[in-house]
Amino acid sequence: MHSAERRTVHRWTFIWTGALVALVGFILLGLAISASEAWAEVSAALGLSLVGWGGVLQVFNAAVLVPAQSAMGGAGAQGSTGMLLSGTLAWLAGWGLIAAGIRRATGPGEGASPAAGAPLYPRLARYRDFYWSTLGAYGGGILLAEVALILLQTVLSSGVPSTELGGSAQNVGGGLSLPPTGAFAISLVVACTVAFVSGFIGASRAQRLSLPEATIGVLYLGLPIPIVLTLMERVPSLQLSLGYRLREVTYVAGLLGRPELAYWLVFTALVLALVLGINTGFIAAGSGRVDLKLGFELFVARRHVAVFRPSLLLGTLAVLMFGIIPPLLIYFIIRSAEAAVERTRIRALGLADPLAAALDLNRLKLREQSPTMMMTALSVGGVGVGVMALIIVLSVMSGFEADLQQKILGTNAHAVVSKYAGELPEYPKVMESIGRVPGVVGQTPFIINQVMIASEGNVDGVIIKGIDPQTVGSVTDLPSYLLGGGKLEILYTPEKILNRGLPEEDDAASPEPGAGDDIIRRSGKATKPAVLPGIIVGRELAASLRVVVGDRVNVVSPLGTELGPSGPIPKSRAFRVAGIFYSGMYEYDSKFVYILLKEAQNFFEVQGASGIELKVADIDDARRIAGQVVKVLGGYPYRARDWGEMNKNLFSALRLEKLVMGIILSIIIVVAAGLIVATVIMLVLEKRKEISVLKALGVSDGGIVKIFLAEGLQIGVAGGLLGLFSGLAWCVFIEKVGIKLDPEVYYIPALPVRIEPVQTALAVVIAVLVTYLASIYPALKASSVEPVEGLKAE
Amino acid sequence: MALLSIRNVFKSYFLHGKRIDVLRGVSLDIEKGSLVSLIGASGAGKSTFLHVLGTLDAPAAGEVLFDGRSVFSMNDAEIAEFRNRTIGFVFQSHFLLPEFTALENVAMPALIQRRERTGAYTYARELLERVGLGQRVDHRPGELSGGEAQRVALARALVLKPAVLLADEPTGNLDPATGEGIHQLLREVNRDLGITAVVVTHNETLARSMPRRLRLAGGEVSEA
Ligand SMILES: Nc1ncnc2c1ncn2[C@@H]1O[C@H](COP(=O)(O)OP(=O)(O)OP(=O)(O)O)[C@@H](O)[C@H]1O
Ligand SMILES: [Mg+2]
């Protein structure tokens, strides 16, 4: 090798002149761009070039523009073209001068080395830095994964026939009609597998990690699709040309409320899968052949980090369950008591036989722990805390979500069929058709409107719903929400309402409730005892109107008018409160009132109904069944909306909240992963000599990586399992013992918990994955220790 | 053909911008089954030479051929396997793995090969008996004396019956009697198993007792 040192030589006159010329060029360019008012395009192009695609796009643009311009042959553009040209030239020339001013020069050497002319050490001579095939595998892999995800999502989920996507010839008959979330899960798994496999293939062919290839591949081939998807929301032309093809994809992303967040999360997941694949490929085959066996590596790793020891696991579990102070106190008390007893015993023994005492003393010393041990315990605890927090918080949020969903679906239908405009006079016929759609288990017609409701005490704006008491129970839980054992059927017999409103003892006293009897009593209280149609109000509304069952309320419709003695006045009707319901949702209990469908038809002059509410067998399938119903009805002018669509904002807000919570809590795990990185790096430094020896004994680079990955993974798995146990234990505790909530605020008596297996497993998997990723860097560092390095370090 | 041939090997160290040429074009053939001693002043580069021979260190230029095959053009897996199966190395200081017992240390090369454990331990125990450490199999390196550790290291180098044994002052820490025992053992494995051995030593009598003697001086190797 040539030993002569190379130095950088600066020629400052060149550099300064170059800078000046470049500045002039820059100003000229700026002027030219300002003159043609092209700043927007230019900055867009510059922005794109940050991603790496700017140059390519510009070439395309130019190819399109130049012929067009020359065809126009505009003379006005000539001036700025000249300026543009000269500016560009000056700009380039300036940089050229600067480049010429900085040179690498060969310094004065020590003369030729004695090795000059000898053959170069063969491994060095063969060394290559860049593999196009690997770049193709990484970049193509991530692109393929993205395309596969989008195509699969579209084909698998309901609605869009595959032919609409253009290329594919065979028609799958309107897609495979899976529920969108299910389709998404399948597509995501497939896409992640694609990314993983391509990473694996790329890395095992190149036999190295190939960071440059991975970066370039992900940047150039992976980024465009998520960028386009993100821009789609903002750029109308993109929306027009792509939106309808990608509507299944945007629908799933939209479930989160923030589609772009969803796109980038999925992209991150794919990149992670690629990275895992690359790493696995390198470890398995990086040393020249595929070797997936682990026995020896685990043997060494377990000696280095002994995580799976009962004392460590139990100790960490105790800390996770009871906090850090109590277990520590107990530990120290037990420890010092034990030591005291032991020492007394040894002293007694020593008086008789000093050698036996020395043996026991030695044993006592051996139990003490090393600092790496402490670090390991800390890392395990850190991962455990993260997983535990993730599981508890997500389970509680799922509990809230489930509660909310149950309440919303209790008062609301799963889907609503209506027309784009107008009423449904033919609703009995429509209901008959709908009844034949498989999956629909209940339906009821309704009329909905907004009105003012007034009692003697107060007035409020509410939503009034005309219902059919016979069928409404097949769709919502309204009948079971009625307080005091009330029945909806009472709406059919308004004359019986008054009786129910009486004080209980009176009710009991008069076994034969008759209208006449009521009239006498009521007249005694100077109210007019008329038979009025019944109305059902929510508990909160009843409280604010200060009404009880049997009281009279006035409903005023702001829309319809009647001709009164002094001109048109708002239409108004008197109702008698026939029942009070309590759903547990403040929104409903304070804003909804129910009357008979017939009354509503008369009051609002509606023919038939405004729509039909449906209940479906599987709520996750509501979207598909709603689509099916519309198809059966013959499409336009009918339409159907499912509960997810109707409460889109609420549920997407909930999901977003949960996701953000998950991300925030995952930060704990990431911090813990930092601890793991530190621990494993400490281990690597501590074991440098041993790494060298292992290599000298014939362990390959891949083997060393496996050893240290196994050490990090041990910590991750132990922490993940401990977190799982303690998290589940806490959840069960919260569920069984219960944590009281302020009923005024939360409408739920105790903190709800719902352990979702998938989400819980995901928390553990994330923890293990993060620790795995965290150990990659130290493990690679370990494998790059050269045999002689460690042997010299004594 | 020679088992090991070293062709024009150069090796330099760089320290504070200065070049120290340790090996300046060493060329040498070592026949199969030969027993070679290597002597030279302290700092002459004996350990460096041995490391290059054992593929632990890369030369700047030149080649080492084993059975006519250039060892430095092998890929990572092949080189690891070469170190594991073909070379037995005894370092200047013992370099045993501290977390493992003497027995496990000796069996380690076999375990790396993923050989079955009990078989490996049986042979390792036999070898430990052979170097006089039958009573120390369960000791960790920290619980062995320097000489004992060195003998464990020798047993480890021999456990896979390598084609080549490279020993860097294996008797440096031993009393004369034990040292003579080790020399006896080296001669035995050379004779009985046909192991080719290169032994670095400062011990003149030992060096003289070897069939072939090499001297490393001024970056070059010559017959002594
Ligand atoms: N990493 C290094 N950096 C710089 N110089 C080194 C390095 N390693 C060894 N040297 C130098 O190279 C020379 C040869 O070292 P080497 O260990 O091969 O000597 P040796 O012949 O084995 O000596 P001894 O008999 O004392 O073991 C020494 O002068 C030493 O100072
Ligand atoms: Mg030496």
# chains A, B, ... in the order shown; residues from 1 in each chain; ligands from 1
$ residues_around --residues "region 621-638 of chain A" --least-positions-apart "6" --cutoff "9 Å" --atoms "only C-alpha atoms" --output "compact mmCIF listing (two decimals) with all heavy atoms, in the first residue's frame"
# COMPACT_ATOMS: atom_id res chain seq x y z
N SER A 157 -61.52 -5.97 -0.72
CA SER A 157 -62.59 -5.38 0.05
C SER A 157 -63.79 -5.10 -0.85
O SER A 157 -63.75 -5.24 -2.06
CB SER A 157 -62.13 -4.10 0.72
OG SER A 157 -61.75 -3.19 -0.24
N SER A 158 -64.84 -4.72 -0.21
CA SER A 158 -66.11 -4.61 -0.91
C SER A 158 -66.10 -3.49 -1.92
O SER A 158 -65.33 -2.55 -1.85
CB SER A 158 -67.21 -4.33 0.11
OG SER A 158 -66.78 -3.32 0.98
N GLY A 159 -66.95 -3.61 -2.89
CA GLY A 159 -67.23 -2.46 -3.73
C GLY A 159 -66.59 -2.45 -5.10
O GLY A 159 -67.26 -2.65 -6.10
N SER A 177 -65.35 -8.77 -1.52
CA SER A 177 -66.35 -8.39 -0.54
C SER A 177 -66.00 -8.74 0.89
O SER A 177 -66.85 -9.14 1.67
CB SER A 177 -67.69 -9.03 -0.87
OG SER A 177 -68.09 -8.64 -2.14
N LEU A 178 -64.71 -8.63 1.25
CA LEU A 178 -64.37 -8.77 2.66
C LEU A 178 -64.64 -7.43 3.32
O LEU A 178 -64.64 -6.40 2.66
CB LEU A 178 -62.88 -9.11 2.81
CG LEU A 178 -62.45 -10.49 2.36
CD1 LEU A 178 -60.95 -10.61 2.46
CD2 LEU A 178 -63.11 -11.53 3.25
N PRO A 179 -64.87 -7.43 4.64
CA PRO A 179 -64.97 -6.13 5.30
C PRO A 179 -63.65 -5.37 5.14
O PRO A 179 -62.58 -6.00 5.17
CB PRO A 179 -65.22 -6.48 6.77
CG PRO A 179 -65.36 -7.94 6.84
CD PRO A 179 -65.10 -8.55 5.51
N PRO A 180 -63.67 -4.05 4.98
CA PRO A 180 -62.45 -3.30 4.65
C PRO A 180 -61.31 -3.51 5.63
O PRO A 180 -60.16 -3.65 5.22
CB PRO A 180 -62.91 -1.85 4.69
CG PRO A 180 -64.38 -1.87 4.64
CD PRO A 180 -64.85 -3.20 5.08
N HIS A 414 -77.72 0.41 12.80
CA HIS A 414 -76.44 0.06 12.18
C HIS A 414 -76.31 0.69 10.81
O HIS A 414 -75.23 0.97 10.35
CB HIS A 414 -76.31 -1.45 12.06
CG HIS A 414 -76.25 -2.14 13.39
ND1 HIS A 414 -76.28 -3.49 13.54
CD2 HIS A 414 -76.19 -1.64 14.64
CE1 HIS A 414 -76.22 -3.80 14.81
NE2 HIS A 414 -76.17 -2.69 15.51
N ALA A 415 -77.46 0.86 10.15
CA ALA A 415 -77.44 1.50 8.84
C ALA A 415 -78.80 2.14 8.60
O ALA A 415 -79.79 1.75 9.21
CB ALA A 415 -77.16 0.47 7.75
N VAL A 416 -78.80 3.14 7.74
CA VAL A 416 -80.05 3.85 7.44
C VAL A 416 -80.22 3.89 5.93
O VAL A 416 -79.32 4.27 5.20
CB VAL A 416 -80.01 5.28 8.00
CG1 VAL A 416 -81.20 6.07 7.49
CG2 VAL A 416 -80.01 5.25 9.51
N VAL A 417 -81.41 3.47 5.47
CA VAL A 417 -81.72 3.53 4.05
C VAL A 417 -82.63 4.72 3.82
O VAL A 417 -83.60 4.93 4.56
CB VAL A 417 -82.41 2.24 3.59
CG1 VAL A 417 -82.80 2.34 2.12
CG2 VAL A 417 -81.52 1.04 3.81
N SER A 418 -82.28 5.52 2.83
CA SER A 418 -83.15 6.66 2.52
C SER A 418 -82.98 6.97 1.04
O SER A 418 -82.29 6.27 0.31
CB SER A 418 -82.76 7.87 3.37
OG SER A 418 -81.42 8.22 3.12
N LYS A 419 -83.65 8.04 0.61
CA LYS A 419 -83.45 8.49 -0.75
C LYS A 419 -82.57 9.73 -0.71
O LYS A 419 -82.50 10.42 0.30
CB LYS A 419 -84.80 8.83 -1.37
CG LYS A 419 -85.54 7.64 -1.91
CD LYS A 419 -86.70 8.13 -2.75
CE LYS A 419 -87.63 7.01 -3.12
NZ LYS A 419 -88.88 7.54 -3.67
N TYR A 420 -81.93 10.00 -1.85
CA TYR A 420 -81.09 11.19 -1.89
C TYR A 420 -81.92 12.43 -1.61
O TYR A 420 -81.47 13.37 -0.98
CB TYR A 420 -80.38 11.30 -3.24
CG TYR A 420 -79.17 10.43 -3.29
CD1 TYR A 420 -79.25 9.14 -3.81
CD2 TYR A 420 -77.95 10.86 -2.78
CE1 TYR A 420 -78.15 8.33 -3.83
CE2 TYR A 420 -76.85 10.04 -2.79
CZ TYR A 420 -76.94 8.78 -3.33
OH TYR A 420 -75.85 7.97 -3.33
N ALA A 421 -83.15 12.45 -2.12
CA ALA A 421 -84.02 13.58 -1.85
C ALA A 421 -85.42 13.05 -1.64
O ALA A 421 -85.84 12.08 -2.27
CB ALA A 421 -84.00 14.56 -3.02
N VAL A 430 -90.45 -1.23 0.26
CA VAL A 430 -88.99 -1.21 0.40
C VAL A 430 -88.55 -2.14 1.52
O VAL A 430 -87.59 -2.92 1.38
CB VAL A 430 -88.51 0.24 0.66
CG1 VAL A 430 -87.04 0.24 1.02
CG2 VAL A 430 -88.77 1.11 -0.54
N SER A 433 -88.41 -5.68 0.43
CA SER A 433 -87.22 -6.03 -0.34
C SER A 433 -86.01 -6.15 0.57
O SER A 433 -85.21 -7.07 0.43
CB SER A 433 -86.94 -4.95 -1.40
OG SER A 433 -88.10 -4.59 -2.07
N ILE A 434 -85.89 -5.20 1.49
CA ILE A 434 -84.71 -5.21 2.36
C ILE A 434 -84.68 -6.49 3.19
O ILE A 434 -83.63 -7.08 3.42
CB ILE A 434 -84.71 -3.98 3.28
CG1 ILE A 434 -84.53 -2.71 2.45
CG2 ILE A 434 -83.59 -4.08 4.30
CD1 ILE A 434 -84.68 -1.46 3.26
N ARG A 436 -85.22 -9.30 2.48
CA ARG A 436 -84.67 -10.47 1.80
C ARG A 436 -83.15 -10.45 1.72
O ARG A 436 -82.54 -11.42 1.32
CB ARG A 436 -85.26 -10.57 0.39
CG ARG A 436 -86.71 -11.03 0.39
CD ARG A 436 -87.12 -11.51 -0.99
NE ARG A 436 -87.10 -10.43 -1.94
CZ ARG A 436 -88.18 -9.67 -2.20
NH1 ARG A 436 -89.31 -9.87 -1.57
NH2 ARG A 436 -88.12 -8.70 -3.08
N VAL A 437 -82.54 -9.31 2.09
CA VAL A 437 -81.08 -9.22 2.02
C VAL A 437 -80.49 -10.01 3.19
O VAL A 437 -80.85 -9.77 4.34
CB VAL A 437 -80.62 -7.76 2.09
CG1 VAL A 437 -79.09 -7.70 2.11
CG2 VAL A 437 -81.17 -6.98 0.93
N PRO A 438 -79.61 -10.97 2.90
CA PRO A 438 -79.03 -11.72 4.01
C PRO A 438 -78.16 -10.81 4.87
O PRO A 438 -77.47 -9.93 4.36
CB PRO A 438 -78.18 -12.79 3.31
CG PRO A 438 -77.99 -12.28 1.92
CD PRO A 438 -79.14 -11.41 1.59
N GLY A 439 -78.21 -11.00 6.17
CA GLY A 439 -77.40 -10.19 7.07
C GLY A 439 -78.22 -9.12 7.77
O GLY A 439 -77.83 -8.63 8.82
N VAL A 440 -79.38 -8.77 7.20
CA VAL A 440 -80.23 -7.78 7.85
C VAL A 440 -81.11 -8.51 8.85
O VAL A 440 -81.83 -9.44 8.49
CB VAL A 440 -81.11 -7.04 6.82
CG1 VAL A 440 -82.07 -6.10 7.51
CG2 VAL A 440 -80.24 -6.31 5.84
N LEU A 614 -81.79 0.04 9.85
CA LEU A 614 -81.52 -1.39 9.76
C LEU A 614 -80.65 -1.84 10.91
O LEU A 614 -79.84 -1.08 11.44
CB LEU A 614 -80.76 -1.72 8.47
CG LEU A 614 -81.36 -1.30 7.15
CD1 LEU A 614 -80.48 -1.80 6.03
CD2 LEU A 614 -82.76 -1.84 7.02
N LYS A 615 -80.81 -3.10 11.27
CA LYS A 615 -79.85 -3.73 12.17
C LYS A 615 -79.25 -4.90 11.39
O LYS A 615 -79.98 -5.62 10.70
CB LYS A 615 -80.55 -4.24 13.42
CG LYS A 615 -79.62 -4.87 14.43
CD LYS A 615 -80.39 -5.32 15.65
CE LYS A 615 -79.43 -5.93 16.65
NZ LYS A 615 -79.77 -5.51 18.01
N GLY A 644 -70.73 3.48 10.88
CA GLY A 644 -69.38 4.02 10.87
C GLY A 644 -69.35 5.35 10.13
O GLY A 644 -68.70 6.31 10.53
N GLU A 645 -70.09 5.39 9.02
CA GLU A 645 -70.11 6.59 8.20
C GLU A 645 -70.85 7.72 8.94
O GLU A 645 -70.43 8.86 8.92
CB GLU A 645 -70.82 6.24 6.90
CG GLU A 645 -70.48 7.12 5.73
CD GLU A 645 -71.18 6.62 4.47
OE1 GLU A 645 -71.49 5.42 4.40
OE2 GLU A 645 -71.41 7.45 3.59
$ select_by_dssp --residues "region 523-674 of chain A" --states "strand (DSSP E)" --output "number ranges by chain"
A: 534-538, 552-564, 567-581, 592-596, 611-616, 638-642
$ residues_around --residues "Leu193 (chain B)" --least-positions-apart "6" --cutoff "10 Å" --atoms "only C-alpha atoms" --output "list in words"
Gly33, Lys161, Pro162, Ala163 and Arg187 of chain B
$ atom_distance --atom1 "CA of Val547 (chain A)" --atom2 "CA of Leu559 (chain A)"
25.2 Å
$ select_by_dssp --residues "region 700-785 of chain A" --states "alpha helix (DSSP H)" --output "PyMOL selection string"
chain A and resi 701-736+743-746+757-783
$ closest_atom_pairs --of "chain B" --to "ligand 2" --cutoff "8 Å" --atoms "only C-alpha atoms and all ligand atoms" --output "CSV"
residue,atom,partner,partner_atom_place_in_ligand_line,distance
B:Ser42,CA,ligand 2,1 (Mg),7.0
B:Gly43,CA,ligand 2,1 (Mg),6.9
B:Gly45,CA,ligand 2,1 (Mg),6.8
B:Lys46,CA,ligand 2,1 (Mg),5.6
B:Ser47,CA,ligand 2,1 (Mg),4.1
B:Thr48,CA,ligand 2,1 (Mg),7.2
B:Gln92,CA,ligand 2,1 (Mg),6.2
B:Asp168,CA,ligand 2,1 (Mg),6.7
B:Glu169,CA,ligand 2,1 (Mg),7.7
$ write_last_selection --atoms "all heavy atoms" --output "PDB file, in the first residue's frame"
ATOM      1  N   SER B  42      12.562 -10.084  21.068  1.00  0.00           N
ATOM      2  CA  SER B  42      11.260  -9.522  21.436  1.00  0.00           C
ATOM      3  C   SER B  42      10.960  -8.328  20.539  1.00  0.00           C
ATOM      4  O   SER B  42      11.816  -7.480  20.315  1.00  0.00           O
ATOM      5  CB  SER B  42      11.293  -9.112  22.902  1.00  0.00           C
ATOM      6  OG  SER B  42      10.068  -8.527  23.239  1.00  0.00           O
ATOM      7  N   GLY B  43       9.761  -8.294  19.995  1.00  0.00           N
ATOM      8  CA  GLY B  43       9.392  -7.193  19.108  1.00  0.00           C
ATOM      9  C   GLY B  43       9.823  -7.391  17.688  1.00  0.00           C
ATOM     10  O   GLY B  43       9.638  -6.512  16.849  1.00  0.00           O
ATOM     11  N   GLY B  45       8.497  -9.435  15.602  1.00  0.00           N
ATOM     12  CA  GLY B  45       7.331  -9.647  14.747  1.00  0.00           C
ATOM     13  C   GLY B  45       6.883 -11.088  14.669  1.00  0.00           C
ATOM     14  O   GLY B  45       6.151 -11.468  13.759  1.00  0.00           O
ATOM     15  N   LYS B  46       7.284 -11.901  15.654  1.00  0.00           N
ATOM     16  CA  LYS B  46       6.934 -13.315  15.622  1.00  0.00           C
ATOM     17  C   LYS B  46       5.428 -13.496  15.762  1.00  0.00           C
ATOM     18  O   LYS B  46       4.798 -14.248  14.993  1.00  0.00           O
ATOM     19  CB  LYS B  46       7.656 -14.066  16.759  1.00  0.00           C
ATOM     20  CG  LYS B  46       9.160 -13.863  16.787  1.00  0.00           C
ATOM     21  CD  LYS B  46       9.799 -14.617  17.916  1.00  0.00           C
ATOM     22  CE  LYS B  46       9.399 -14.111  19.280  1.00  0.00           C
ATOM     23  NZ  LYS B  46       9.832 -12.731  19.565  1.00  0.00           N
ATOM     24  N   SER B  47       4.843 -12.788  16.738  1.00  0.00           N
ATOM     25  CA  SER B  47       3.394 -12.927  16.934  1.00  0.00           C
ATOM     26  C   SER B  47       2.656 -12.446  15.696  1.00  0.00           C
ATOM     27  O   SER B  47       1.689 -13.081  15.241  1.00  0.00           O
ATOM     28  CB  SER B  47       2.953 -12.123  18.145  1.00  0.00           C
ATOM     29  OG  SER B  47       3.560 -12.609  19.303  1.00  0.00           O
ATOM     30  N   THR B  48       3.109 -11.330  15.138  1.00  0.00           N
ATOM     31  CA  THR B  48       2.480 -10.798  13.933  1.00  0.00           C
ATOM     32  C   THR B  48       2.501 -11.835  12.822  1.00  0.00           C
ATOM     33  O   THR B  48       1.488 -12.092  12.167  1.00  0.00           O
ATOM     34  CB  THR B  48       3.231  -9.527  13.495  1.00  0.00           C
ATOM     35  OG1 THR B  48       3.289  -8.641  14.599  1.00  0.00           O
ATOM     36  CG2 THR B  48       2.528  -8.863  12.334  1.00  0.00           C
ATOM     37  N   GLN B  92      -0.204 -15.988  22.917  1.00  0.00           N
ATOM     38  CA  GLN B  92       0.893 -15.709  23.836  1.00  0.00           C
ATOM     39  C   GLN B  92       0.371 -15.674  25.275  1.00  0.00           C
ATOM     40  O   GLN B  92       1.016 -16.168  26.187  1.00  0.00           O
ATOM     41  CB  GLN B  92       1.535 -14.381  23.469  1.00  0.00           C
ATOM     42  CG  GLN B  92       2.915 -14.224  24.074  1.00  0.00           C
ATOM     43  CD  GLN B  92       3.724 -13.188  23.319  1.00  0.00           C
ATOM     44  OE1 GLN B  92       3.256 -12.579  22.377  1.00  0.00           O
ATOM     45  NE2 GLN B  92       4.945 -12.994  23.747  1.00  0.00           N
ATOM     46  N   ASP B 168       2.127 -19.705  20.176  1.00  0.00           N
ATOM     47  CA  ASP B 168       2.933 -18.514  20.486  1.00  0.00           C
ATOM     48  C   ASP B 168       3.423 -18.624  21.924  1.00  0.00           C
ATOM     49  O   ASP B 168       2.686 -18.335  22.862  1.00  0.00           O
ATOM     50  CB  ASP B 168       2.056 -17.271  20.290  1.00  0.00           C
ATOM     51  CG  ASP B 168       2.903 -16.020  20.099  1.00  0.00           C
ATOM     52  OD1 ASP B 168       4.129 -16.105  20.343  1.00  0.00           O
ATOM     53  OD2 ASP B 168       2.334 -14.993  19.707  1.00  0.00           O
ATOM     54  N   GLU B 169       4.639 -19.077  22.087  1.00  0.00           N
ATOM     55  CA  GLU B 169       5.244 -19.267  23.406  1.00  0.00           C
ATOM     56  C   GLU B 169       4.355 -20.042  24.356  1.00  0.00           C
ATOM     57  O   GLU B 169       3.907 -19.534  25.375  1.00  0.00           O
ATOM     58  CB  GLU B 169       5.576 -17.908  24.029  1.00  0.00           C
ATOM     59  CG  GLU B 169       6.695 -17.216  23.272  1.00  0.00           C
ATOM     60  CD  GLU B 169       7.172 -15.986  24.036  1.00  0.00           C
ATOM     61  OE1 GLU B 169       7.470 -16.142  25.225  1.00  0.00           O
ATOM     62  OE2 GLU B 169       7.226 -14.916  23.430  1.00  0.00           O
TER      63      GLU B 169
END
$ atom_distance --atom1 "CA of Ala102 (chain B)" --atom2 "CA of Thr196 (chain B)"
25.0 Å
$ residues_near_ligand --ligand "ligand 1" --cutoff "10 Å" --atoms "only C-alpha atoms and all ligand atoms" --output "ChimeraX atom specification"
/A:788-789,791-793 /B:11-16,18-23,38-51,92-93,168-169,200-202,216-217,219
$ interface_residues --of "chain B" --to "chain A" --cutoff "8 Å" --atoms "only C-alpha atoms" --output "NGL selection string"
:B and (8 or 10 or 19 or 24-25 or 51 or 56-63 or 72-85 or 88-89 or 95-97 or 99-100 or 108-109 or 111-112 or 114)
$ closest_residue --among "A:Leu312, A:Met321, A:Met375, A:Ala750" --to "Met388 (chain A)" --atoms "only C-alpha atoms"
A:Met321
$ residues_around --residues "Glu188 (chain B)" --least-positions-apart "6" --cutoff "12 Å" --atoms "only C-alpha atoms" --output "list in words"
Gly33, Leu35, Arg130, Leu158, Gly181, Ile182, Gly194, Ile195, Thr196 and Ala197 of chain B
